[in-house]
>>> print(open('coords_13.pdb').read())   # PDB, C-alpha atoms, pLDDT in the B column
ATOM      1  CA  MET A 607      15.579  35.094  48.998  1.00 77.00           C
ATOM      2  CA  GLU A 608      12.143  35.880  47.609  1.00 84.00           C
ATOM      3  CA  THR A 609      10.493  33.159  45.499  1.00 85.00           C
ATOM      4  CA  SER A 610       9.669  35.691  42.790  1.00 85.00           C
ATOM      5  CA  GLU A 611      13.347  36.680  42.513  1.00 79.00           C
ATOM      6  CA  VAL A 612      14.428  33.026  42.230  1.00 79.00           C
ATOM      7  CA  ARG A 613      11.740  32.376  39.590  1.00 84.00           C
ATOM      8  CA  ARG A 614      12.800  35.436  37.566  1.00 81.00           C
ATOM      9  CA  ARG A 615      16.494  34.534  37.636  1.00 80.00           C
ATOM     10  CA  VAL A 616      15.901  30.876  36.769  1.00 78.00           C
ATOM     11  CA  GLY A 617      13.681  32.002  33.869  1.00 75.00           C
ATOM     12  CA  GLU A 618      16.386  34.361  32.613  1.00 74.00           C
ATOM     13  CA  THR A 619      18.969  31.578  32.773  1.00 72.00           C
ATOM     14  CA  ILE A 620      16.743  29.201  30.804  1.00 69.00           C
ATOM     15  CA  GLU A 621      16.037  31.833  28.149  1.00 69.00           C
ATOM     16  CA  ARG A 622      19.718  32.757  27.834  1.00 63.00           C
ATOM     17  CA  SER A 623      20.608  29.062  27.436  1.00 65.00           C
ATOM     18  CA  ARG A 624      17.986  28.602  24.695  1.00 63.00           C
ATOM     19  CA  ARG A 625      19.241  31.645  22.785  1.00 62.00           C
ATOM     20  CA  GLN A 626      22.838  30.413  22.956  1.00 59.00           C
ATOM     21  CA  GLY A 627      21.764  26.983  21.693  1.00 60.00           C
ATOM     22  CA  ALA A 628      19.802  28.517  18.809  1.00 69.00           C
ATOM     23  CA  ASP A 629      22.719  30.819  17.922  1.00 77.00           C
ATOM     24  CA  GLU A 630      25.137  27.895  17.821  1.00 80.00           C
ATOM     25  CA  ALA A 631      22.689  25.836  15.719  1.00 82.00           C
ATOM     26  CA  SER A 632      22.350  28.750  13.277  1.00 85.00           C
ATOM     27  CA  ARG A 633      26.129  28.967  12.876  1.00 88.00           C
ATOM     28  CA  GLN A 634      26.405  25.216  12.337  1.00 89.00           C
ATOM     29  CA  TYR A 635      23.521  25.296   9.858  1.00 91.00           C
ATOM     30  CA  GLU A 636      25.122  28.105   7.812  1.00 92.00           C
ATOM     31  CA  GLN A 637      28.309  26.033   7.577  1.00 92.00           C
ATOM     32  CA  PHE A 638      26.257  22.978   6.611  1.00 92.00           C
ATOM     33  CA  LEU A 639      24.526  24.957   3.847  1.00 93.00           C
ATOM     34  CA  ASP A 640      27.749  26.381   2.433  1.00 93.00           C
ATOM     35  CA  GLN A 641      29.931  23.300   2.711  1.00 93.00           C
ATOM     36  CA  VAL A 642      27.487  20.400   2.291  1.00 94.00           C
ATOM     37  CA  ALA A 643      23.922  21.138   1.200  1.00 95.00           C
ATOM     38  CA  VAL A 644      24.414  23.619  -1.645  1.00 96.00           C
ATOM     39  CA  PRO A 645      27.287  21.703  -3.294  1.00 96.00           C
ATOM     40  CA  LEU A 646      25.423  18.391  -2.959  1.00 96.00           C
ATOM     41  CA  PHE A 647      22.183  19.829  -4.375  1.00 96.00           C
ATOM     42  CA  ARG A 648      24.174  21.222  -7.333  1.00 96.00           C
ATOM     43  CA  GLN A 649      25.721  17.813  -7.952  1.00 97.00           C
ATOM     44  CA  ILE A 650      22.288  16.175  -7.839  1.00 96.00           C
ATOM     45  CA  ALA A 651      20.848  18.781 -10.240  1.00 96.00           C
ATOM     46  CA  ASN A 652      23.710  18.157 -12.683  1.00 96.00           C
ATOM     47  CA  VAL A 653      23.188  14.391 -12.570  1.00 96.00           C
ATOM     48  CA  LEU A 654      19.444  14.853 -13.087  1.00 95.00           C
ATOM     49  CA  LYS A 655      20.057  17.124 -16.094  1.00 95.00           C
ATOM     50  CA  ILE A 656      22.378  14.522 -17.627  1.00 94.00           C
ATOM     51  CA  GLN A 657      19.606  11.957 -17.143  1.00 94.00           C
ATOM     52  CA  GLY A 658      17.092  14.251 -18.894  1.00 93.00           C
ATOM     53  CA  TYR A 659      15.369  15.789 -15.851  1.00 93.00           C
ATOM     54  CA  ALA A 660      15.534  19.570 -15.694  1.00 94.00           C
ATOM     55  CA  PHE A 661      16.132  20.722 -12.112  1.00 95.00           C
ATOM     56  CA  SER A 662      17.730  23.892 -10.772  1.00 96.00           C
ATOM     57  CA  VAL A 663      19.176  24.827  -7.397  1.00 96.00           C
ATOM     58  CA  PHE A 664      18.062  27.962  -5.581  1.00 95.00           C
ATOM     59  CA  THR A 665      19.292  29.355  -2.290  1.00 92.00           C
ATOM     60  CA  PRO A 666      16.505  31.510  -0.890  1.00 85.00           C
ATOM     61  CA  GLY A 667      17.352  33.052   2.498  1.00 84.00           C
ATOM     62  CA  GLY A 668      18.639  30.374   4.840  1.00 88.00           C
ATOM     63  CA  SER A 669      17.710  27.354   2.725  1.00 93.00           C
ATOM     64  CA  VAL A 670      18.587  25.385  -0.381  1.00 96.00           C
ATOM     65  CA  ARG A 671      15.976  24.207  -2.891  1.00 96.00           C
ATOM     66  CA  LEU A 672      16.161  21.643  -5.694  1.00 96.00           C
ATOM     67  CA  MET A 673      13.280  22.630  -7.981  1.00 95.00           C
ATOM     68  CA  SER A 674      11.882  21.176 -11.170  1.00 94.00           C
ATOM     69  CA  ASP A 675      12.239  23.490 -14.165  1.00 93.00           C
ATOM     70  CA  ARG A 676       8.893  22.201 -15.483  1.00 90.00           C
ATOM     71  CA  ASN A 677       6.804  22.968 -12.393  1.00 90.00           C
ATOM     72  CA  ALA A 678       7.774  25.405  -9.641  1.00 90.00           C
ATOM     73  CA  GLN A 679       5.538  23.484  -7.201  1.00 91.00           C
ATOM     74  CA  ASP A 680       7.806  20.413  -7.448  1.00 93.00           C
ATOM     75  CA  TYR A 681      10.787  20.813  -5.148  1.00 95.00           C
ATOM     76  CA  LEU A 682      12.871  19.518  -2.254  1.00 95.00           C
ATOM     77  CA  GLU A 683      14.051  22.113   0.231  1.00 96.00           C
ATOM     78  CA  VAL A 684      16.225  22.022   3.328  1.00 95.00           C
ATOM     79  CA  THR A 685      15.788  24.570   6.126  1.00 93.00           C
ATOM     80  CA  LEU A 686      16.625  25.050   9.790  1.00 92.00           C
ATOM     81  CA  GLU A 687      13.679  24.564  12.148  1.00 88.00           C
ATOM     82  CA  ALA A 688      14.646  26.388  15.316  1.00 79.00           C
ATOM     83  CA  THR A 689      11.257  26.798  16.978  1.00 74.00           C
ATOM     84  CA  GLY A 690      11.209  23.478  18.858  1.00 69.00           C
ATOM     85  CA  ASP A 691      13.145  22.421  21.929  1.00 71.00           C
ATOM     86  CA  GLU A 692      16.145  21.433  19.829  1.00 81.00           C
ATOM     87  CA  PRO A 693      16.869  23.009  16.429  1.00 85.00           C
ATOM     88  CA  GLN A 694      16.805  20.532  13.530  1.00 90.00           C
ATOM     89  CA  ILE A 695      17.534  20.490   9.823  1.00 92.00           C
ATOM     90  CA  VAL A 696      14.232  19.789   8.132  1.00 93.00           C
ATOM     91  CA  GLY A 697      13.472  18.663   4.609  1.00 95.00           C
ATOM     92  CA  HIS A 698      10.360  20.082   2.969  1.00 95.00           C
ATOM     93  CA  VAL A 699       8.917  18.331  -0.076  1.00 95.00           C
ATOM     94  CA  SER A 700       6.288  19.805  -2.400  1.00 95.00           C
ATOM     95  CA  ARG A 701       4.740  17.918  -5.333  1.00 92.00           C
ATOM     96  CA  ALA A 702       2.028  19.087  -7.691  1.00 87.00           C
ATOM     97  CA  ARG A 703      -0.547  16.438  -8.567  1.00 81.00           C
ATOM     98  CA  GLY A 704      -2.928  18.020 -11.012  1.00 79.00           C
ATOM     99  CA  ARG A 705      -4.363  21.021  -9.223  1.00 84.00           C
ATOM    100  CA  ARG A 706      -3.521  19.597  -5.834  1.00 88.00           C
ATOM    101  CA  ILE A 707      -0.212  20.198  -4.071  1.00 89.00           C
ATOM    102  CA  VAL A 708       1.053  17.534  -1.685  1.00 88.00           C
ATOM    103  CA  GLU A 709       3.522  18.763   0.914  1.00 92.00           C
ATOM    104  CA  SER A 710       5.427  16.981   3.628  1.00 92.00           C
ATOM    105  CA  GLU A 711       8.127  17.816   6.106  1.00 93.00           C
ATOM    106  CA  ARG A 712      10.476  15.675   8.147  1.00 92.00           C
ATOM    107  CA  PRO A 713      13.882  15.956   9.796  1.00 91.00           C
ATOM    108  CA  VAL A 714      16.759  15.162   7.457  1.00 93.00           C
ATOM    109  CA  CYS A 715      18.356  13.278  10.346  1.00 87.00           C
ATOM    110  CA  GLU A 716      17.562  12.784  14.008  1.00 83.00           C
ATOM    111  CA  GLY A 717      19.989  14.577  16.250  1.00 79.00           C
ATOM    112  CA  PRO A 718      21.513  18.018  16.633  1.00 81.00           C
ATOM    113  CA  VAL A 719      22.233  20.293  13.684  1.00 83.00           C
ATOM    114  CA  GLY A 720      25.973  19.716  13.856  1.00 83.00           C
ATOM    115  CA  SER A 721      25.570  15.948  13.480  1.00 84.00           C
ATOM    116  CA  VAL A 722      23.891  15.973  10.037  1.00 89.00           C
ATOM    117  CA  THR A 723      26.268  14.644   7.385  1.00 91.00           C
ATOM    118  CA  GLU A 724      26.438  14.745   3.609  1.00 93.00           C
ATOM    119  CA  GLU A 725      25.382  11.081   3.614  1.00 94.00           C
ATOM    120  CA  ASP A 726      22.293  11.913   5.723  1.00 94.00           C
ATOM    121  CA  LEU A 727      21.286  14.617   3.266  1.00 95.00           C
ATOM    122  CA  LEU A 728      21.878  12.403   0.232  1.00 95.00           C
ATOM    123  CA  HIS A 729      19.810   9.644   1.839  1.00 95.00           C
ATOM    124  CA  PHE A 730      16.956  12.120   2.416  1.00 95.00           C
ATOM    125  CA  VAL A 731      17.040  13.343  -1.197  1.00 96.00           C
ATOM    126  CA  LEU A 732      17.243   9.855  -2.687  1.00 95.00           C
ATOM    127  CA  LYS A 733      14.282   8.729  -0.590  1.00 95.00           C
ATOM    128  CA  GLU A 734      12.150  11.681  -1.726  1.00 94.00           C
ATOM    129  CA  LEU A 735      13.292  11.858  -5.365  1.00 93.00           C
ATOM    130  CA  PRO A 736      11.432   8.938  -7.058  1.00 93.00           C
ATOM    131  CA  PRO A 737       8.043  10.711  -7.477  1.00 90.00           C
ATOM    132  CA  PHE A 738       9.828  13.558  -9.295  1.00 89.00           C
ATOM    133  CA  VAL A 739      11.499  11.290 -11.847  1.00 87.00           C
ATOM    134  CA  GLU A 740       8.749   8.742 -12.526  1.00 79.00           C
ATOM    135  CA  LYS A 741       7.677   8.610 -16.145  1.00 57.00           C
TER     136      LYS A 741
END
>>> encode(input="coords_13.pdb", output="structure tokens")
Amino acid sequence: METSEVRRRVGETIERSRRQGADEASRQYEQFLDQVAVPLFRQIANVLKIQGYAFSVFTPGGSVRLMSDRNAQDYLEVTLEATGDEPQIVGHVSRARGRRIVESERPVCEGPVGSVTEEDLLHFVLKELPPFVEK
């Protein structure tokens, strides 16, 4: 068999495998959003409101965002990062400090999308929340 034919077919197999993995991660992530992330973010927003901190939950396409009602630049957001070798659920944090905006991003949990739990997400939020509620 020609080397070029082998190379082409191996490349097609690799690409097909990557697409299937990304499709499965997308399905798992949608379930995670609906069943875990959105309800948990709503619970956190309610607790914050009771404590005197005005936060709202938004669900822009394929993500969930816990945003300060006082400053739209202050938020925690969870998205699916599918561009790397293995898709991951990533937390994005944005904080306004005067005119400057400080942003950071990190995985909510190491491991595949389907392994991220409600506890992992709560741990991420609680770790990132203190700067938003300091007085």
>>> resolve_selection(input="coords_13.pdb", expression="the PyMOL selection byres ((chain A and resi 724-727) around 7)", output="MDAnalysis selection string")
chainID A and resid 642 714:715 722:723 728:731
>>> atom_distance(input="coords_13.pdb", atom1="atom CA of A:Arg701", atom2="atom CA of A:Asp640")
25.7 Å
>>> closest_residue(input="coords_13.pdb", among="A:Val739, A:Val612, A:Leu639, A:Ile656", to="A:Gly720", atoms="all atoms listed in the file")
A:Leu639
>>> resolve_selection(input="coords_13.pdb", expression="the PyMOL selection byres ((chain A and resi 711) around 9)", output="JSON, numbers by chain")
{"A": [696, 697, 698, 699, 700, 709, 710, 712, 713]}
>>> write_last_selection(input="coords_13.pdb", atoms="C-alpha atoms", output="short mmCIF file (atom, residue, chain, number, x, y, z; two decimals), keeping the file's coordinate frame")
data_model
loop_
_atom_site.label_atom_id
_atom_site.label_comp_id
_atom_site.auth_asym_id
_atom_site.auth_seq_id
_atom_site.Cartn_x
_atom_site.Cartn_y
_atom_site.Cartn_z
CA VAL A 696 14.23 19.79 8.13
CA GLY A 697 13.47 18.66 4.61
CA HIS A 698 10.36 20.08 2.97
CA VAL A 699 8.92 18.33 -0.08
CA SER A 700 6.29 19.80 -2.40
CA GLU A 709 3.52 18.76 0.91
CA SER A 710 5.43 16.98 3.63
CA ARG A 712 10.48 15.68 8.15
CA PRO A 713 13.88 15.96 9.80
#
>>> resolve_selection(input="coords_13.pdb", expression="the PyMOL selection byres ((chain A and resi 703) around 12)", output="list in words")
Asn677, Gln679, Asp680, Ser700, Arg701, Ala702, Gly704, Arg705, Arg706, Ile707, Val708, Glu709, Pro737 and Phe738 of chain A
>>> residues_near_point(input="coords_13.pdb", point="(27.0, 24.4, 14.1)", cutoff="12 Å", atoms="only C-alpha atoms", output="mmCIF file with C-alpha atoms, in the frame of the given file")
data_model
loop_
_atom_site.group_PDB
_atom_site.id
_atom_site.type_symbol
_atom_site.label_atom_id
_atom_site.label_comp_id
_atom_site.auth_asym_id
_atom_site.auth_seq_id
_atom_site.Cartn_x
_atom_site.Cartn_y
_atom_site.Cartn_z
ATOM 1 C CA GLN A 626 22.838 30.413 22.956
ATOM 2 C CA GLY A 627 21.764 26.983 21.693
ATOM 3 C CA ALA A 628 19.802 28.517 18.809
ATOM 4 C CA ASP A 629 22.719 30.819 17.922
ATOM 5 C CA GLU A 630 25.137 27.895 17.821
ATOM 6 C CA ALA A 631 22.689 25.836 15.719
ATOM 7 C CA SER A 632 22.350 28.750 13.277
ATOM 8 C CA ARG A 633 26.129 28.967 12.876
ATOM 9 C CA GLN A 634 26.405 25.216 12.337
ATOM 10 C CA TYR A 635 23.521 25.296 9.858
ATOM 11 C CA GLU A 636 25.122 28.105 7.812
ATOM 12 C CA GLN A 637 28.309 26.033 7.577
ATOM 13 C CA PHE A 638 26.257 22.978 6.611
ATOM 14 C CA LEU A 639 24.526 24.957 3.847
ATOM 15 C CA ASP A 640 27.749 26.381 2.433
ATOM 16 C CA GLN A 641 29.931 23.300 2.711
ATOM 17 C CA LEU A 686 16.625 25.050 9.790
ATOM 18 C CA PRO A 693 16.869 23.009 16.429
ATOM 19 C CA GLN A 694 16.805 20.532 13.530
ATOM 20 C CA ILE A 695 17.534 20.490 9.823
ATOM 21 C CA PRO A 718 21.513 18.018 16.633
ATOM 22 C CA VAL A 719 22.233 20.293 13.684
ATOM 23 C CA GLY A 720 25.973 19.716 13.856
ATOM 24 C CA SER A 721 25.570 15.948 13.480
ATOM 25 C CA VAL A 722 23.891 15.973 10.037
ATOM 26 C CA THR A 723 26.268 14.644 7.385
#
>>> axis_aligned_box(input="coords_13.pdb", around="stretch 691-704 of chain A", padding_each_side="3 Å", output="AutoDock Vina command-line options")
--center_x 7.3 --center_y 19.7 --center_z 5.5 --size_x 26.5 --size_y 12.6 --size_z 38.9
>>> atom_distance(input="coords_13.pdb", atom1="atom CA of A:Phe647", atom2="atom CA of A:Met673")
10.0 Å
>>> build_atoms(input="coords_13.pdb", residues="stretch 669-700 of chain A", atoms="N, CA and C atoms", output="PDB file, in the frame of the given file")
ATOM      1  N   SER A 669      18.111  28.689   3.159  1.00 93.00           N
ATOM      2  CA  SER A 669      17.710  27.354   2.725  1.00 93.00           C
ATOM      3  C   SER A 669      18.348  27.031   1.381  1.00 93.00           C
ATOM      4  N   VAL A 670      18.172  25.786   0.953  1.00 96.00           N
ATOM      5  CA  VAL A 670      18.587  25.385  -0.381  1.00 96.00           C
ATOM      6  C   VAL A 670      17.430  24.574  -0.964  1.00 96.00           C
ATOM      7  N   ARG A 671      17.136  24.829  -2.242  1.00 96.00           N
ATOM      8  CA  ARG A 671      15.976  24.207  -2.891  1.00 96.00           C
ATOM      9  C   ARG A 671      16.387  23.595  -4.220  1.00 96.00           C
ATOM     10  N   LEU A 672      16.004  22.344  -4.429  1.00 96.00           N
ATOM     11  CA  LEU A 672      16.161  21.643  -5.694  1.00 96.00           C
ATOM     12  C   LEU A 672      14.776  21.627  -6.333  1.00 96.00           C
ATOM     13  N   MET A 673      14.609  22.415  -7.417  1.00 95.00           N
ATOM     14  CA  MET A 673      13.280  22.630  -7.981  1.00 95.00           C
ATOM     15  C   MET A 673      13.224  22.192  -9.433  1.00 95.00           C
ATOM     16  N   SER A 674      12.112  21.582  -9.795  1.00 94.00           N
ATOM     17  CA  SER A 674      11.882  21.176 -11.170  1.00 94.00           C
ATOM     18  C   SER A 674      11.742  22.411 -12.049  1.00 94.00           C
ATOM     19  N   ASP A 675      12.378  22.375 -13.223  1.00 93.00           N
ATOM     20  CA  ASP A 675      12.239  23.490 -14.165  1.00 93.00           C
ATOM     21  C   ASP A 675      10.881  23.461 -14.861  1.00 93.00           C
ATOM     22  N   ARG A 676      10.200  22.324 -14.825  1.00 90.00           N
ATOM     23  CA  ARG A 676       8.893  22.201 -15.483  1.00 90.00           C
ATOM     24  C   ARG A 676       7.745  22.695 -14.606  1.00 90.00           C
ATOM     25  N   ASN A 677       7.883  22.560 -13.286  1.00 90.00           N
ATOM     26  CA  ASN A 677       6.804  22.968 -12.393  1.00 90.00           C
ATOM     27  C   ASN A 677       7.407  23.500 -11.095  1.00 90.00           C
ATOM     28  N   ALA A 678       7.192  24.767 -10.826  1.00 90.00           N
ATOM     29  CA  ALA A 678       7.774  25.405  -9.641  1.00 90.00           C
ATOM     30  C   ALA A 678       7.211  24.845  -8.336  1.00 90.00           C
ATOM     31  N   GLN A 679       6.124  24.080  -8.406  1.00 91.00           N
ATOM     32  CA  GLN A 679       5.538  23.484  -7.201  1.00 91.00           C
ATOM     33  C   GLN A 679       6.210  22.162  -6.830  1.00 91.00           C
ATOM     34  N   ASP A 680       7.088  21.658  -7.704  1.00 93.00           N
ATOM     35  CA  ASP A 680       7.806  20.413  -7.448  1.00 93.00           C
ATOM     36  C   ASP A 680       9.217  20.732  -6.954  1.00 93.00           C
ATOM     37  N   TYR A 681       9.457  20.517  -5.674  1.00 95.00           N
ATOM     38  CA  TYR A 681      10.787  20.813  -5.148  1.00 95.00           C
ATOM     39  C   TYR A 681      11.068  20.074  -3.845  1.00 95.00           C
ATOM     40  N   LEU A 682      12.352  19.979  -3.540  1.00 95.00           N
ATOM     41  CA  LEU A 682      12.871  19.518  -2.254  1.00 95.00           C
ATOM     42  C   LEU A 682      13.623  20.702  -1.657  1.00 95.00           C
ATOM     43  N   GLU A 683      13.407  20.966  -0.399  1.00 96.00           N
ATOM     44  CA  GLU A 683      14.051  22.113   0.231  1.00 96.00           C
ATOM     45  C   GLU A 683      14.546  21.721   1.616  1.00 96.00           C
ATOM     46  N   VAL A 684      15.657  22.269   2.011  1.00 95.00           N
ATOM     47  CA  VAL A 684      16.225  22.022   3.328  1.00 95.00           C
ATOM     48  C   VAL A 684      16.311  23.351   4.070  1.00 95.00           C
ATOM     49  N   THR A 685      15.780  23.360   5.297  1.00 93.00           N
ATOM     50  CA  THR A 685      15.788  24.570   6.126  1.00 93.00           C
ATOM     51  C   THR A 685      16.159  24.213   7.568  1.00 93.00           C
ATOM     52  N   LEU A 686      16.381  25.234   8.362  1.00 92.00           N
ATOM     53  CA  LEU A 686      16.625  25.050   9.790  1.00 92.00           C
ATOM     54  C   LEU A 686      15.319  25.334  10.523  1.00 92.00           C
ATOM     55  N   GLU A 687      14.873  24.388  11.314  1.00 88.00           N
ATOM     56  CA  GLU A 687      13.679  24.564  12.148  1.00 88.00           C
ATOM     57  C   GLU A 687      14.167  24.790  13.571  1.00 88.00           C
ATOM     58  N   ALA A 688      14.088  26.032  14.015  1.00 79.00           N
ATOM     59  CA  ALA A 688      14.646  26.388  15.316  1.00 79.00           C
ATOM     60  C   ALA A 688      13.580  26.703  16.353  1.00 79.00           C
ATOM     61  N   THR A 689      12.321  26.422  16.054  1.00 74.00           N
ATOM     62  CA  THR A 689      11.257  26.798  16.978  1.00 74.00           C
ATOM     63  C   THR A 689      10.997  25.759  18.053  1.00 74.00           C
ATOM     64  N   GLY A 690      11.442  24.524  17.866  1.00 69.00           N
ATOM     65  CA  GLY A 690      11.209  23.478  18.858  1.00 69.00           C
ATOM     66  C   GLY A 690      12.214  23.542  19.993  1.00 69.00           C
ATOM     67  N   ASP A 691      12.204  22.495  20.812  1.00 71.00           N
ATOM     68  CA  ASP A 691      13.145  22.421  21.929  1.00 71.00           C
ATOM     69  C   ASP A 691      14.581  22.345  21.447  1.00 71.00           C
ATOM     70  N   GLU A 692      14.806  21.554  20.400  1.00 81.00           N
ATOM     71  CA  GLU A 692      16.145  21.433  19.829  1.00 81.00           C
ATOM     72  C   GLU A 692      16.081  21.738  18.337  1.00 81.00           C
ATOM     73  N   PRO A 693      16.879  22.690  17.856  1.00 85.00           N
ATOM     74  CA  PRO A 693      16.869  23.009  16.429  1.00 85.00           C
ATOM     75  C   PRO A 693      17.216  21.777  15.588  1.00 85.00           C
ATOM     76  N   GLN A 694      16.559  21.652  14.429  1.00 90.00           N
ATOM     77  CA  GLN A 694      16.805  20.532  13.530  1.00 90.00           C
ATOM     78  C   GLN A 694      16.837  21.008  12.091  1.00 90.00           C
ATOM     79  N   ILE A 695      17.562  20.252  11.257  1.00 92.00           N
ATOM     80  CA  ILE A 695      17.534  20.490   9.823  1.00 92.00           C
ATOM     81  C   ILE A 695      16.373  19.686   9.273  1.00 92.00           C
ATOM     82  N   VAL A 696      15.477  20.393   8.596  1.00 93.00           N
ATOM     83  CA  VAL A 696      14.232  19.789   8.132  1.00 93.00           C
ATOM     84  C   VAL A 696      14.166  19.819   6.615  1.00 93.00           C
ATOM     85  N   GLY A 697      13.706  18.730   6.040  1.00 95.00           N
ATOM     86  CA  GLY A 697      13.472  18.663   4.609  1.00 95.00           C
ATOM     87  C   GLY A 697      11.999  18.891   4.326  1.00 95.00           C
ATOM     88  N   HIS A 698      11.725  19.768   3.383  1.00 95.00           N
ATOM     89  CA  HIS A 698      10.360  20.082   2.969  1.00 95.00           C
ATOM     90  C   HIS A 698      10.209  19.625   1.525  1.00 95.00           C
ATOM     91  N   VAL A 699       9.152  18.863   1.259  1.00 95.00           N
ATOM     92  CA  VAL A 699       8.917  18.331  -0.076  1.00 95.00           C
ATOM     93  C   VAL A 699       7.561  18.832  -0.555  1.00 95.00           C
ATOM     94  N   SER A 700       7.527  19.328  -1.789  1.00 95.00           N
ATOM     95  CA  SER A 700       6.288  19.805  -2.400  1.00 95.00           C
ATOM     96  C   SER A 700       6.162  19.167  -3.780  1.00 95.00           C
TER      97      SER A 700
END
